[in-house]
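Report on one structure; see the data block that follows.
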Amino acid sequence: MKVRKISLKRLSGRSSKIVTIDLRSARYSLLESLGCTEMRKEMKKVGIACRLILWISEHLAKLRSGDFGINLRKTLGAILNWGAPTNASNVFPHPSKGLVFGFNHPTLGEIIRLITVCATEYPNRKYLFPVNIAWYEELAPVADRMEAFGLYIMPTITPATRDKIAKIVDEDRMKIVDRLARDFNFDYLAACTTFAENHDIIMIAPSATRQETVFMSYSQYKGGVKIEPQTMTLIAMSLSRARVLDECFFIPVAVIPPRNCSRRLNLFKHYDISTCNWISPSNVKQLCKDKSKCTGQRRFEYYFLLMIADELIDKGASRLVYPS
């Protein structure tokens, strides 16, 4: 089947919100239109696997009596827990507030495992995941079906993806990419505000892309090197400006994939997922105000990542803290 494209002239006049609607309707491929064919193809198999899991879950949910949405969550949770098993340590919190979970992101596998956690631990809440553009293109056409069990996805162009695209396309195309990357981020932060207001779930990787270790170096782990991107800080300050920060807690999550795993889904392999202590809105505000004397950055990002690192060390997974 031929992949649809849109002209650069038409694409340059489309807002990020319209592009998102277009991708949900499968009107065209953004990556193909930009000339990034191989990047689009990289996620093809992952997309097929995800859509197959969704189709099976929907089919089994329809066979059960009662509310379809509830049945779908139960069925999906059971299938994912079978195909992407998880050992959860510590207790996932259940306050009557919104929750912002930030997790280390060494593979793709933790994404579907955290979706399982959301579907089973929070059956009455919605959960928001930002999704890198290559994966988003694969899943966007079934986004409304995923929303039936509470999963909401939004497109993002991570710094790593932006750099990959920059090696392929010309300057005119990069102007479109940079505009969309910026506006996708604004759209995502607006969605975070809505989810926080409604006391729902926000799930995000502070690294914004797959990264084997929490910190990029030992010096960064010790607090002497700047951390980029400042993902958790950006979300916290955006929620603060929107005056909804008091409506949510921040929770670092430590993900431990099996040794010698791939960077992909790692189906049928057990992951360990462990929550850290909650960070209250008042502590988040203070940490966003305070700055490090070494880096000049706000302290919240480092504090958040250090909590994940400490949990990983406690669980015997120091290999995931910084490169050896």
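Note on naming: chains are A, B, ... as they come in the structure tokens, residues start from 1 per chain, ligands start from 1 in the order shown.
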
Where does stretch 155-265 of chain A meet stretch 124-147 of chain A within 6 Å, residue by residue, with the nearest atom pair and distance in Å to one decimal for each, counting only C-alpha atoms, listed by chain and rising number, as JSON lines?
```
{"residue": "A:Pro155", "atom": "CA", "partner": "A:Val131", "partner_atom": "CA", "distance": 5.1}
{"residue": "A:Thr156", "atom": "CA", "partner": "A:Asn132", "partner_atom": "CA", "distance": 4.9}
{"residue": "A:Ile157", "atom": "CA", "partner": "A:Asn132", "partner_atom": "CA", "distance": 5.7}
{"residue": "A:Asp200", "atom": "CA", "partner": "A:Arg125", "partner_atom": "CA", "distance": 5.4}
{"residue": "A:Ile201", "atom": "CA", "partner": "A:Tyr127", "partner_atom": "CA", "distance": 4.4}
{"residue": "A:Ile202", "atom": "CA", "partner": "A:Leu128", "partner_atom": "CA", "distance": 4.9}
{"residue": "A:Met203", "atom": "CA", "partner": "A:Phe129", "partner_atom": "CA", "distance": 5.4}
```

How about saving the chosen residues, N, CA and C atoms kept, as a short mmCIF file (atom, residue, chain, number, x, y, z; two decimals), in the first residue's frame?
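Okay, this is what ended up in again-v8.cif:
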```cif
data_model
loop_
_atom_site.label_atom_id
_atom_site.label_comp_id
_atom_site.auth_asym_id
_atom_site.auth_seq_id
_atom_site.Cartn_x
_atom_site.Cartn_y
_atom_site.Cartn_z
N PRO A 155 1.83 13.60 19.95
CA PRO A 155 3.10 13.52 19.21
C PRO A 155 4.17 14.44 19.78
N THR A 156 5.40 14.00 19.67
CA THR A 156 6.54 14.83 20.06
C THR A 156 7.70 14.55 19.12
N ILE A 157 8.51 15.53 18.90
CA ILE A 157 9.75 15.35 18.15
C ILE A 157 10.88 15.59 19.14
N ASP A 200 -5.94 13.16 36.68
CA ASP A 200 -5.60 11.98 35.90
C ASP A 200 -4.09 11.74 35.95
N ILE A 201 -3.59 10.90 35.05
CA ILE A 201 -2.21 10.42 35.10
C ILE A 201 -1.40 10.99 33.94
N ILE A 202 -0.20 11.49 34.25
CA ILE A 202 0.76 11.94 33.23
C ILE A 202 1.99 11.05 33.36
N MET A 203 2.36 10.39 32.27
CA MET A 203 3.54 9.51 32.25
C MET A 203 4.55 10.06 31.25
#
```

Residue neighbourhood A:Ala181, 12 Å, only C-alpha atoms, exclusion window fewer than 5 positions, as number ranges by chain: A: 15-17, 19-20, 132-133, 154-163, 165, 174-176, 186-188

Can you spit out the residues from that selection as a PDB file, in the first residue's frame, using C-alpha atoms?
```
ATOM      1  CA  SER A  15      -0.634  24.086  12.561  1.00  0.00           C
ATOM      2  CA  SER A  16       0.556  21.366  14.930  1.00  0.00           C
ATOM      3  CA  LYS A  17      -3.029  20.700  16.002  1.00  0.00           C
ATOM      4  CA  VAL A  19      -1.173  17.919  11.699  1.00  0.00           C
ATOM      5  CA  THR A  20      -2.118  15.836  14.743  1.00  0.00           C
ATOM      6  CA  ASN A 132       7.905  10.156  19.501  1.00  0.00           C
ATOM      7  CA  ILE A 133       6.712  11.035  16.015  1.00  0.00           C
ATOM      8  CA  MET A 154       0.349  13.070  21.822  1.00  0.00           C
ATOM      9  CA  PRO A 155       3.100  13.523  19.213  1.00  0.00           C
ATOM     10  CA  THR A 156       6.537  14.828  20.058  1.00  0.00           C
ATOM     11  CA  ILE A 157       9.753  15.353  18.151  1.00  0.00           C
ATOM     12  CA  THR A 158      12.504  14.621  20.662  1.00  0.00           C
ATOM     13  CA  PRO A 159      15.913  16.322  20.456  1.00  0.00           C
ATOM     14  CA  ALA A 160      17.454  13.004  19.347  1.00  0.00           C
ATOM     15  CA  THR A 161      14.872  12.589  16.585  1.00  0.00           C
ATOM     16  CA  ARG A 162      15.309  16.203  15.561  1.00  0.00           C
ATOM     17  CA  ASP A 163      19.064  15.575  15.151  1.00  0.00           C
ATOM     18  CA  ILE A 165      16.036  14.391  10.786  1.00  0.00           C
ATOM     19  CA  MET A 174      14.038  21.705   9.041  1.00  0.00           C
ATOM     20  CA  LYS A 175      12.164  24.968   9.525  1.00  0.00           C
ATOM     21  CA  ILE A 176       8.926  22.982   9.383  1.00  0.00           C
ATOM     22  CA  PHE A 186       3.060  23.526  23.667  1.00  0.00           C
ATOM     23  CA  ASP A 187       0.134  21.235  22.814  1.00  0.00           C
ATOM     24  CA  TYR A 188       1.466  18.574  25.166  1.00  0.00           C
TER      25      TYR A 188
END
```

Using only C-alpha atoms, I'd like a table of the residues in stretch 101-170 of chain A that come within 12 Å of stretch 75-81 of chain A; for each, show the closest atom pair and its distance in Å rounded to one decimal, ordered by chain and ascending number, as a tab-separated table.
```
residue	atom	partner	partner_atom	distance
A:Gly109	CA	A:Leu80	CA	10.9
A:Glu110	CA	A:Leu80	CA	11.3
A:Ile111	CA	A:Leu80	CA	10.9
A:Ile112	CA	A:Leu80	CA	7.2
A:Arg113	CA	A:Leu80	CA	7.1
A:Leu114	CA	A:Leu80	CA	9.9
A:Ile115	CA	A:Gly77	CA	8.2
A:Thr116	CA	A:Gly77	CA	5.1
A:Val117	CA	A:Gly77	CA	7.8
A:Cys118	CA	A:Gly77	CA	8.8
A:Ala119	CA	A:Gly77	CA	6.0
A:Thr120	CA	A:Gly77	CA	6.2
A:Glu121	CA	A:Gly77	CA	9.8
A:Tyr122	CA	A:Gly77	CA	11.2
A:Pro123	CA	A:Gly77	CA	10.1
A:Met146	CA	A:Leu76	CA	10.4
A:Ala148	CA	A:Leu76	CA	11.3
A:Phe149	CA	A:Leu76	CA	8.5
A:Gly150	CA	A:Leu76	CA	11.3
A:Leu151	CA	A:Leu76	CA	11.4
```

Could you pull out the strand (DSSP E) residues of stretch 149-198 of chain A, going by DSSP on the backbone, and write them as a list in words?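 The strand (DSSP E) residues within stretch 149-198 of chain A come out as Leu151, Tyr152, Ile153, Met154, Pro155 and Thr156 of chain A.
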
Residue nearest A:Gln230 - candidates A:Thr213, A:Gln286, A:Asn260, A:Gln297, atoms counted: only C-alpha atoms: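 Ranked by minimum distance to A:Gln230, first place goes to A:Gln297.
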
Looking at only C-alpha atoms, which of A:Tyr152, A:Arg179, A:Lys5, A:Ile308 is the one that sits closest to A:Tyr221? A:Ile308

Between atom CA of A:Phe215 and atom CA of A:Tyr322, what is the distance, to one decimal in Å?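 Atom CA of A:Phe215 sits 5.0 Å away from atom CA of A:Tyr322.
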
Need to verify the contact set: stretch 243-245 of chain A, 7 Å, only C-alpha atoms, exclusion of same-chain residues closer than 5 positions in sequence. Can you return it as a PyMOL selection string? chain A and resi 193+196-197+236+281

Which is closer to A:Val214 than all the others in A:Ser318, A:Ser262, A:Thr86, A:Asn104, using only C-alpha atoms? A:Asn104

Contact residues around A:Ser324 with only C-alpha atoms at 9 Å, ignoring same-chain residues under 4 positions, as a ChimeraX atom specification: /A:217-218,319
